[in-house]
Every structure is written in structure tokens, then in C-alpha cells.
$ cat query.txt   # compact mmCIF, C-alpha atoms and all ligand atoms
# COMPACT_ATOMS: atom_id res chain seq x y z
CA MET V 1354 155.82 98.64 176.65
CA SER V 1355 154.96 99.56 173.03
CA SER V 1356 154.09 103.23 172.51
CA THR V 1357 152.23 102.47 169.28
CA LYS V 1358 148.59 103.45 169.64
CA LYS V 1359 146.15 100.52 169.85
CA ILE V 1360 142.91 101.40 168.08
CA VAL V 1361 139.86 99.15 167.80
CA ILE V 1362 137.12 99.94 165.30
CA VAL V 1363 133.82 98.12 165.67
CA GLY V 1364 131.88 98.38 162.43
CA ALA V 1365 135.17 99.01 160.64
CA THR V 1366 133.64 98.73 157.18
CA SER V 1367 131.52 101.84 157.80
CA ALA V 1368 132.50 104.68 155.48
CA ILE V 1369 132.81 107.12 158.39
CA ALA V 1370 134.96 104.68 160.40
CA GLU V 1371 137.15 103.80 157.42
CA HIS V 1372 137.90 107.47 156.80
CA CYS V 1373 138.77 107.95 160.48
CA ALA V 1374 141.13 104.96 160.25
CA ARG V 1375 142.82 106.47 157.21
CA LEU V 1376 143.42 109.73 159.08
CA TRP V 1377 144.75 107.93 162.15
CA VAL V 1378 147.31 105.82 160.25
CA GLN V 1379 148.25 108.77 158.04
CA ARG V 1380 149.25 110.62 161.20
CA GLU V 1381 151.22 107.83 162.91
CA ALA V 1382 151.68 104.07 162.84
CA ALA V 1383 149.02 102.22 164.81
CA GLU V 1384 148.06 98.74 165.91
CA MET V 1385 144.54 98.41 164.62
CA VAL V 1386 141.89 95.78 165.21
CA LEU V 1387 138.97 95.92 162.78
CA VAL V 1388 135.73 94.31 163.89
CA GLY V 1389 132.90 93.58 161.47
CA ARG V 1390 130.47 90.94 160.26
CA ASP V 1391 131.92 90.24 156.82
CA ALA V 1392 135.46 88.85 156.50
CA ALA V 1393 135.85 89.76 152.83
CA ARG V 1394 134.89 93.39 153.42
CA LEU V 1395 137.14 93.61 156.47
CA ALA V 1396 140.04 92.12 154.51
CA SER V 1397 139.55 94.72 151.80
CA VAL V 1398 139.51 97.64 154.30
CA SER V 1399 142.53 96.18 156.07
CA ALA V 1400 144.49 95.76 152.79
CA ASP V 1401 143.75 99.35 151.78
CA LEU V 1402 144.92 100.68 155.16
CA LYS V 1403 148.09 98.56 154.97
CA VAL V 1404 148.99 100.19 151.65
CA ARG V 1405 148.45 103.62 153.22
CA SER V 1406 150.50 102.76 156.30
CA PRO V 1407 152.89 99.82 155.81
CA GLN V 1408 154.38 100.43 159.28
CA SER V 1409 150.98 99.89 160.97
CA SER V 1410 149.62 96.47 161.89
CA PHE V 1411 146.08 95.34 161.19
CA ARG V 1412 144.05 92.36 162.23
CA PHE V 1413 140.39 91.78 161.82
CA LEU V 1414 137.74 89.85 163.68
CA CYS V 1415 134.25 88.82 162.60
CA THR V 1416 131.45 88.61 165.11
CA ASP V 1417 127.70 88.56 165.56
CA PHE V 1418 126.72 92.11 166.51
CA LEU V 1419 123.45 91.05 168.12
CA ASP V 1420 124.75 88.28 170.37
CA SER V 1421 126.00 89.36 173.81
CA THR V 1422 128.13 86.22 174.22
CA ALA V 1423 129.82 86.77 170.86
CA ILE V 1424 130.38 90.45 171.69
CA GLN V 1425 132.01 89.60 175.03
CA ALA V 1426 134.22 86.95 173.36
CA THR V 1427 135.29 89.49 170.73
CA VAL V 1428 136.17 92.12 173.32
CA ASP V 1429 138.11 89.51 175.32
CA ALA V 1430 140.01 88.44 172.18
CA VAL V 1431 140.87 92.07 171.42
CA GLY V 1432 142.02 92.70 175.00
CA ALA V 1433 144.28 89.62 175.06
CA ALA V 1434 146.74 91.53 172.87
CA GLY V 1435 146.80 94.53 175.24
CA ALA V 1436 144.30 97.15 176.35
CA PRO V 1437 143.17 99.47 173.55
CA ASP V 1438 143.84 103.23 173.69
CA ILE V 1439 140.81 104.07 171.54
CA VAL V 1440 137.69 102.08 170.70
CA LEU V 1441 135.43 103.57 168.02
CA ILE V 1442 132.01 101.92 167.86
CA ALA V 1443 130.62 102.82 164.46
CA HIS V 1444 128.16 100.24 163.16
CA GLY V 1445 124.57 101.12 162.36
CA ALA V 1446 121.91 101.06 159.67
CA LEU V 1447 119.15 103.47 158.77
CA PRO V 1448 115.93 101.44 158.72
CA ASP V 1449 112.86 102.21 156.68
CA GLN V 1450 110.51 103.87 159.18
CA GLY V 1451 107.39 102.62 157.37
CA GLU V 1452 108.66 99.05 157.42
CA CYS V 1453 109.35 99.31 161.16
CA GLN V 1454 105.77 100.47 161.70
CA GLU V 1455 104.44 97.48 159.76
CA SER V 1456 106.79 94.81 161.10
CA LEU V 1457 107.77 94.39 164.73
CA ALA V 1458 110.65 92.18 163.61
CA ALA V 1459 112.09 95.02 161.49
CA CYS V 1460 111.49 97.44 164.37
CA ARG V 1461 113.27 95.14 166.83
CA ASP V 1462 116.22 94.59 164.48
CA ALA V 1463 116.67 98.34 164.02
CA LEU V 1464 116.49 99.01 167.77
CA MET V 1465 118.91 96.17 168.53
CA LEU V 1466 121.50 97.07 165.91
CA ASN V 1467 121.50 100.84 166.47
CA GLY V 1468 120.89 100.97 170.23
CA VAL V 1469 121.49 97.77 172.19
CA SER V 1470 124.46 96.44 170.19
CA PRO V 1471 126.65 99.58 170.49
CA ALA V 1472 125.84 99.77 174.21
CA LEU V 1473 126.87 96.12 174.71
CA PHE V 1474 130.18 96.64 172.91
CA ALA V 1475 130.81 99.80 174.96
CA GLU V 1476 129.89 98.05 178.20
CA ALA V 1477 132.33 95.21 177.55
CA PHE V 1478 135.14 97.61 176.59
CA ALA V 1479 134.31 99.86 179.57
CA GLU V 1480 134.88 96.97 181.95
CA ALA V 1481 138.22 96.18 180.28
CA MET V 1482 139.29 99.86 180.46
CA HIS V 1483 138.12 100.12 184.06
CA LYS V 1484 140.56 97.32 184.94
CA VAL V 1485 143.59 99.06 183.38
CA GLY V 1486 142.38 102.55 184.38
CA ARG V 1487 142.64 104.23 180.99
CA GLY V 1488 141.33 104.35 177.42
CA THR V 1489 138.81 106.21 175.27
CA ILE V 1490 135.46 104.82 174.15
CA VAL V 1491 133.84 106.61 171.23
CA LEU V 1492 130.18 106.04 170.43
CA ILE V 1493 128.36 107.30 167.34
CA GLY V 1494 124.91 108.61 168.11
CA SER V 1495 123.13 110.94 165.71
CA VAL V 1496 121.34 114.24 165.55
CA ALA V 1497 118.32 111.98 164.95
CA GLY V 1498 118.56 110.93 168.61
CA ASP V 1499 117.96 114.46 169.91
CA ARG V 1500 114.23 114.57 169.28
CA GLY V 1501 111.83 111.92 168.01
CA ARG V 1502 110.40 112.69 164.59
CA LYS V 1503 107.73 110.81 162.64
CA SER V 1504 110.02 110.22 159.66
CA ASN V 1505 112.61 108.18 161.60
CA TYR V 1506 111.71 107.74 165.26
CA VAL V 1507 112.70 104.07 165.44
CA TYR V 1508 116.29 104.84 164.38
CA GLY V 1509 116.13 108.09 166.39
CA SER V 1510 115.07 106.34 169.57
CA ALA V 1511 117.91 103.81 169.28
CA LYS V 1512 120.36 106.70 168.83
CA GLY V 1513 118.71 108.48 171.76
CA MET V 1514 119.46 105.40 173.83
CA VAL V 1515 123.11 105.56 172.75
CA SER V 1516 123.21 109.20 173.92
CA ARG V 1517 121.74 108.41 177.32
CA TYR V 1518 123.97 105.36 177.66
CA ALA V 1519 127.09 107.43 176.86
CA GLN V 1520 125.99 110.04 179.39
CA GLY V 1521 125.81 107.38 182.10
CA LEU V 1522 129.19 105.97 181.15
CA GLN V 1523 130.67 109.48 181.31
CA HIS V 1524 129.24 109.86 184.81
CA ARG V 1525 130.67 106.48 185.82
CA PHE V 1526 134.18 107.40 184.66
CA ALA V 1527 134.16 111.10 185.63
CA GLY V 1528 137.50 112.12 187.14
CA SER V 1529 139.25 108.97 185.87
CA SER V 1530 141.50 108.39 182.86
CA VAL V 1531 138.79 106.51 181.01
CA LYS V 1532 137.17 108.92 178.56
CA VAL V 1533 133.87 108.56 176.75
CA VAL V 1534 133.14 110.60 173.63
CA LEU V 1535 129.69 110.76 172.04
CA LEU V 1536 129.59 111.86 168.41
CA LYS V 1537 126.43 113.19 166.80
CA PRO V 1538 126.86 113.37 163.05
CA GLY V 1539 124.37 115.17 160.87
CA PRO V 1540 123.42 113.70 157.46
CA THR V 1541 126.66 112.49 155.86
CA ASP V 1542 127.40 111.16 152.39
CA THR V 1543 127.95 107.42 152.97
CA PRO V 1544 126.33 104.21 151.69
CA MET V 1545 123.83 104.53 154.56
CA THR V 1546 122.35 107.70 153.06
CA ALA V 1547 122.75 106.87 149.35
CA HIS V 1548 118.94 106.78 148.91
CA LEU V 1549 118.60 110.23 150.56
CA LYS V 1550 121.20 111.66 148.19
CA THR V 1551 119.13 110.60 145.18
CA GLN V 1552 116.19 112.45 146.80
CA GLY V 1553 118.28 115.64 146.85
CA ALA V 1554 119.27 115.71 150.53
CA LYS V 1555 122.20 117.96 151.47
CA LEU V 1556 124.91 115.75 152.94
CA ALA V 1557 128.26 116.58 154.50
CA SER V 1558 131.26 114.89 152.90
CA VAL V 1559 132.49 111.82 154.73
CA GLU V 1560 136.06 113.15 154.56
CA SER V 1561 135.20 116.36 156.44
CA VAL V 1562 133.04 114.51 159.00
CA ALA V 1563 135.84 112.00 159.65
CA ALA V 1564 138.38 114.82 160.08
CA GLN V 1565 136.11 116.53 162.61
CA ILE V 1566 135.54 113.23 164.43
CA VAL V 1567 139.27 112.53 164.75
CA ALA V 1568 139.80 116.08 166.06
CA ALA V 1569 136.91 115.75 168.53
CA ILE V 1570 138.30 112.47 169.88
CA GLU V 1571 141.69 114.09 170.32
CA ARG V 1572 140.14 116.96 172.27
CA GLY V 1573 138.23 114.43 174.37
CA ARG V 1574 135.02 116.47 174.35
CA PRO V 1575 132.13 114.52 175.93
CA VAL V 1576 129.75 115.38 173.08
CA ALA V 1577 130.64 116.53 169.58
CA TYR V 1578 128.19 117.46 166.84
CA VAL V 1579 129.74 116.94 163.42
CA PRO V 1580 129.61 119.30 161.59
CA GLY V 1581 129.41 121.69 164.57
CA LYS V 1582 126.50 123.69 163.11
CA TRP V 1583 124.20 120.82 164.15
CA ARG V 1584 124.59 121.75 167.82
CA LEU V 1585 122.68 124.99 167.23
CA ILE V 1586 120.19 123.45 164.79
CA MET V 1587 119.31 120.67 167.22
CA GLN V 1588 119.11 123.09 170.14
CA ILE V 1589 116.38 124.92 168.23
CA ILE V 1590 114.63 121.67 167.20
CA ARG V 1591 114.74 120.32 170.76
CA HIS V 1592 113.20 123.48 172.18
CA LEU V 1593 110.40 123.95 169.66
CA PRO V 1594 107.10 123.71 171.54
CA ALA V 1595 105.01 120.64 170.61
CA PHE V 1596 102.24 122.76 169.05
CA VAL V 1597 104.78 124.07 166.51
CA PHE V 1598 106.85 120.89 166.17
CA ASN V 1599 103.80 118.70 165.49
CA LYS V 1600 102.91 120.81 162.44
CA LEU V 1601 106.31 120.14 160.84
CA ASN V 1602 106.54 117.43 158.21
CA ILE V 1603 109.93 116.13 159.29
N1 LIG Q 1701 125.74 108.70 157.35
C1 LIG Q 1701 124.99 109.49 158.12
O1 LIG Q 1701 124.29 110.41 157.66
C2 LIG Q 1701 124.99 109.30 159.61
C3 LIG Q 1701 124.43 110.32 160.41
C4 LIG Q 1701 124.41 110.15 161.80
C5 LIG Q 1701 124.96 109.01 162.35
N2 LIG Q 1701 125.49 108.04 161.53
C6 LIG Q 1701 126.03 106.85 162.18
O2 LIG Q 1701 127.39 106.72 161.82
C7 LIG Q 1701 127.76 105.35 161.91
C8 LIG Q 1701 128.49 104.95 160.65
O3 LIG Q 1701 127.57 105.00 159.56
P1 LIG Q 1701 128.02 105.24 158.06
O4 LIG Q 1701 127.31 106.44 157.59
O5 LIG Q 1701 129.51 105.17 157.93
O6 LIG Q 1701 127.31 104.00 157.34
P2 LIG Q 1701 127.81 102.82 156.40
O7 LIG Q 1701 128.99 103.20 155.58
O8 LIG Q 1701 126.60 102.34 155.69
O9 LIG Q 1701 128.31 101.70 157.45
C9 LIG Q 1701 127.43 100.98 158.23
C10 LIG Q 1701 128.23 100.00 159.06
O10 LIG Q 1701 127.35 99.25 159.91
C11 LIG Q 1701 127.54 97.86 159.64
N3 LIG Q 1701 126.30 97.12 159.76
C12 LIG Q 1701 125.11 97.38 159.19
N4 LIG Q 1701 124.21 96.44 159.54
C13 LIG Q 1701 124.86 95.57 160.34
C14 LIG Q 1701 124.48 94.37 161.02
N5 LIG Q 1701 123.24 93.90 160.95
N6 LIG Q 1701 125.41 93.73 161.77
C15 LIG Q 1701 126.67 94.22 161.85
N7 LIG Q 1701 127.09 95.34 161.23
C16 LIG Q 1701 126.20 96.00 160.48
C17 LIG Q 1701 128.05 97.79 158.21
O11 LIG Q 1701 128.69 96.55 158.01
P3 LIG Q 1701 128.80 95.89 156.51
O12 LIG Q 1701 129.89 96.64 155.81
O13 LIG Q 1701 129.17 94.48 156.78
O14 LIG Q 1701 127.46 96.07 155.85
C18 LIG Q 1701 129.01 98.98 158.23
O15 LIG Q 1701 130.20 98.67 158.88
C19 LIG Q 1701 126.47 104.57 162.18
O16 LIG Q 1701 126.35 104.34 163.57
C20 LIG Q 1701 125.40 105.54 161.75
O17 LIG Q 1701 124.17 105.30 162.40
C21 LIG Q 1701 125.55 108.17 160.19
$ encode --input "query.txt" --output "C-alpha cells" --more "lines below"
Ligand SMILES: NC(=O)c1ccc[n+]([C@@H]2O[C@H](COP(=O)([O-])OP(=O)(O)OC[C@H]3O[C@@H](n4cnc5c(N)ncnc54)[C@H](OP(=O)(O)O)[C@@H]3O)[C@@H](O)[C@H]2O)c1
Amino acid sequence: MSSTKKIVIVGATSAIAEHCARLWVQREAAEMVLVGRDAARLASVSADLKVRSPQSSFRFLCTDFLDSTAIQATVDAVGAAGAPDIVLIAHGALPDQGECQESLAACRDALMLNGVSPALFAEAFAEAMHKVGRGTIVLIGSVAGDRGRKSNYVYGSAKGMVSRYAQGLQHRFAGSSVKVVLLKPGPTDTPMTAHLKTQGAKLASVESVAAQIVAAIERGRPVAYVPGKWRLIMQIIRHLPAFVFNKLNI
């Protein structure tokens, strides 16, 4: 049996995921499967990783992230080459809250992409890992999922669903060798937040967030805030009484 780590990244063209992949292959050779929606972008990420780690192997798969049949077929195709050691589920998009309030279609798309789709990928991989009795599933939630706020509650509620889903999966696999890690990044400098950066938002560097994510996965913590300061910040936000919270313009 090969001892090379098998890593699957769903949403592999995400800046956070790509930086995690770089750190993983920098550390040791890996067999990586990159899942995305755009073959050209996946090919470019794959080529870059190959230059960084010629001894690693990379293949990529395109799928429809909103179609449960396509998701199951993708997970089956990945599993045919051996059960993965780590699956990082990283895709997501920050919707315009105002647009979601005006258009149910936009609202549905945001909820599906950020909440339902990651849960479906995780559910399919969980079943595969359950059969072999090992593996680590990593889901990316967000600090935005910790408390609904008027400025982004559609995205926040989808991320809240990811949190609750991960919690249930952790309960299901408690005491087994299947691990589930939930990451909660704070605002991070990636294409997803480019518009916030121009508005002067303070963003963590994607390199430091990826390094903390890789370390958190290695430690196998059930929940990791990245950077860690967000654990305390969100504890305060979560516990603010409604009469105070509702006066905040956040
Ligand atoms: N950046 C932050 O501040 C922040 C904070 C908390 C949580 N997060 C979460 O971290 C994860 C990674 O985000 P990131 O910051 O690295 O963002 P990013 O660089 O913008 O990457 C977003 C990823 O989602 C994919 N995606 C977007 N819409 C899609 C769709 N309709 N169907 C399939 N794939 C789609 C993109 O694919 P394409 O390349 O094909 O567009 C890309 O792989 C996301 O789950 C995000 O919600 C980010």
C-alpha cells in the first residue's frame, strides 16, 4: 500500500485552498485530486503545484457543485483510486446581501453554494470514509456563521448551516478514526474579499491563514478559528444581548 498522502481539494481554485495545497506539497509528496468547475483554472493550479513538487501527482475533475448526482459521481470517481486521507472542502462565494434581499434566485444560489453544496460533498465523502474507517474531512465555515448580522445574514446563515452540519458529523464519527475539522476563517485577503479591501477592511494574509489551517488540520481540532483571535471576538459577539447587538451597524 502506498504511504503517499491522498489529498482531495474541493474548490481547489480558491486562494485559501491553493495556499494550503502549496504548503502540503512543500512538506511532502502527495497524491492530489483537485475538484472545481473550470478546467482551465484547475489546470493552471495543477501546473503550478507540479512545478513546486515534481514528485507529487495531480489530477483534476470538473463537476457541477449544485447537482447532488454530479457530486456523488465525483466522489465515487475520486474514491476509485483509493480512499483519501484528507478532503478539504473550500468552495464558496460572498453574495451581495442587498441583491439577496431583492432576488430570491440570488438568495437561493448563495444558500445552495455556501451551505447545501459543501454539506453534500462532505456527506458523500463521509460515507466513503465510514466504509474504510478512516480519513479527515475539513469544512470551511466562517466567523460570519456565528451570529446573523444584517450586512451578510444570507451568507452567514449558509455558513451557520455548515457549522451545525460539521457538529453533527463530528458526533456521528466520535470515537472513530474518521475526523471532522471545521475551520472558521475571519476576513482574509483573497479574490472573494477584493471589494472589501478597496473599502479599507483589515484582512489577514492568505499565506498566514493557510499556514494556520494546515496546522489546525494536523492537530485534528474539531473547530479552529483562523486567526485564533476570532474565537474570543466571536465569543463576545455571540453573547452580546439583543438590545445592544441590534444597535450595531454591522
Ligand atoms: N476570504 C475570506 O475572508 C473568507 C472568510 C471566511 C470564510 N471564507 C471561506 O473560505 C473558502 C475559500 O474562499 P476564498 O477566500 O479562498 O475565496 P476565493 O479565492 O474567491 O475562492 C472561491 C472558490 O469557490 C469557487 N466557487 C465560487 N462560486 C462557485 C460556483 N458557483 N460553483 C463552484 N465553485 C464556485 C471558486 O471557483 P472558481 O475559481 O471557478 O471561480 C473558488 O474555487 C470559502 O468557503 C469562503 O466562504 C473565506
$ atom_distance --input "query.txt" --atom1 "atom CA of V:Ser1397" --atom2 "atom CA of V:Glu1384"
17.0 Å
$ closest_residue --input "query.txt" --among "V:Gly1581, V:Val1507, V:Pro1540, V:Ala1400" --to "V:Glu1455" --atoms "all atoms listed in the file"
V:Val1507
$ residues_around --input "query.txt" --residues "V:Ala1382" --least-positions-apart "5" --cutoff "7 Å" --atoms "all atoms listed in the file" --output "PyMOL selection string"
chain V and resi 1357+1406+1408-1409
$ atom_distance --input "query.txt" --atom1 "atom CA of V:Lys1550" --atom2 "atom C10 of ligand LIG 1701 (chain Q)"
17.4 Å
$ closest_atom_pairs --input "query.txt" --of "chain V" --to "ligand LIG 1701 (chain Q)" --cutoff "7 Å" --atoms "only C-alpha atoms and all ligand atoms" --output "Markdown table"
| residue | atom | partner | partner_atom | distance |
| --- | --- | --- | --- | --- |
| V:Gly1364 | CA | Q:LIG1701 | O15 | 3.9 |
| V:Ala1365 | CA | Q:LIG1701 | O15 | 5.3 |
| V:Thr1366 | CA | Q:LIG1701 | O15 | 3.8 |
| V:Ser1367 | CA | Q:LIG1701 | O9 | 3.2 |
| V:Ala1368 | CA | Q:LIG1701 | O7 | 3.8 |
| V:Ile1369 | CA | Q:LIG1701 | O5 | 3.9 |
| V:Ala1370 | CA | Q:LIG1701 | O5 | 6.0 |
| V:Gly1389 | CA | Q:LIG1701 | O13 | 6.1 |
| V:Arg1390 | CA | Q:LIG1701 | O13 | 5.1 |
| V:Asp1391 | CA | Q:LIG1701 | O13 | 5.1 |
| V:Arg1394 | CA | Q:LIG1701 | O12 | 6.4 |
| V:Asp1417 | CA | Q:LIG1701 | N6 | 6.8 |
| V:Phe1418 | CA | Q:LIG1701 | C15 | 5.1 |
| V:Ala1443 | CA | Q:LIG1701 | C7 | 4.6 |
| V:His1444 | CA | Q:LIG1701 | O10 | 3.5 |
| V:Gly1445 | CA | Q:LIG1701 | O16 | 3.9 |
| V:Ala1446 | CA | Q:LIG1701 | C12 | 4.9 |
| V:Leu1447 | CA | Q:LIG1701 | O17 | 6.5 |
| V:Leu1466 | CA | Q:LIG1701 | N5 | 6.1 |
| V:Asn1467 | CA | Q:LIG1701 | O17 | 6.6 |
| V:Ile1493 | CA | Q:LIG1701 | O16 | 5.2 |
| V:Gly1494 | CA | Q:LIG1701 | C5 | 5.8 |
| V:Ser1495 | CA | Q:LIG1701 | C4 | 4.2 |
| V:Val1496 | CA | Q:LIG1701 | C4 | 6.3 |
| V:Lys1537 | CA | Q:LIG1701 | C4 | 6.2 |
| V:Pro1538 | CA | Q:LIG1701 | C4 | 4.2 |
| V:Gly1539 | CA | Q:LIG1701 | C3 | 4.9 |
| V:Pro1540 | CA | Q:LIG1701 | O1 | 3.4 |
| V:Thr1541 | CA | Q:LIG1701 | O1 | 3.6 |
| V:Asp1542 | CA | Q:LIG1701 | N1 | 5.8 |
| V:Thr1543 | CA | Q:LIG1701 | O4 | 4.8 |
| V:Pro1544 | CA | Q:LIG1701 | O8 | 4.4 |
| V:Met1545 | CA | Q:LIG1701 | O8 | 3.7 |
| V:Thr1546 | CA | Q:LIG1701 | N1 | 5.6 |
$ closest_residue --input "query.txt" --among "V:Ser1399, V:Gln1588, V:Thr1427, V:Ser1510" --to "V:Cys1415" --atoms "only C-alpha atoms"
V:Thr1427
$ residues_around --input "query.txt" --residues "V:Val1361" --least-positions-apart "6" --cutoff "9 Å" --atoms "only C-alpha atoms" --output "number ranges by chain"
V: 1384-1388, 1431, 1437-1442
$ closest_atom_pairs --input "query.txt" --of "stretch 1505-1567 of chain V" --to "stretch 1468-1480 of chain V" --cutoff "9 Å" --atoms "only C-alpha atoms" --output "JSON lines"
{"residue": "V:Tyr1508", "atom": "CA", "partner": "V:Gly1468", "partner_atom": "CA", "distance": 8.4}
{"residue": "V:Ser1510", "atom": "CA", "partner": "V:Gly1468", "partner_atom": "CA", "distance": 7.9}
{"residue": "V:Ala1511", "atom": "CA", "partner": "V:Gly1468", "partner_atom": "CA", "distance": 4.2}
{"residue": "V:Lys1512", "atom": "CA", "partner": "V:Gly1468", "partner_atom": "CA", "distance": 5.9}
{"residue": "V:Gly1513", "atom": "CA", "partner": "V:Gly1468", "partner_atom": "CA", "distance": 8.0}
{"residue": "V:Met1514", "atom": "CA", "partner": "V:Gly1468", "partner_atom": "CA", "distance": 5.9}
{"residue": "V:Val1515", "atom": "CA", "partner": "V:Gly1468", "partner_atom": "CA", "distance": 5.7}
{"residue": "V:Tyr1518", "atom": "CA", "partner": "V:Ala1472", "partner_atom": "CA", "distance": 6.8}
{"residue": "V:Ala1519", "atom": "CA", "partner": "V:Ala1472", "partner_atom": "CA", "distance": 8.2}
{"residue": "V:Leu1522", "atom": "CA", "partner": "V:Ala1479", "partner_atom": "CA", "distance": 8.1}
{"residue": "V:Val1531", "atom": "CA", "partner": "V:Ala1479", "partner_atom": "CA", "distance": 8.1}
$ atom_distance --input "query.txt" --atom1 "atom CA of V:Arg1572" --atom2 "atom CA of V:Lys1532"
10.6 Å
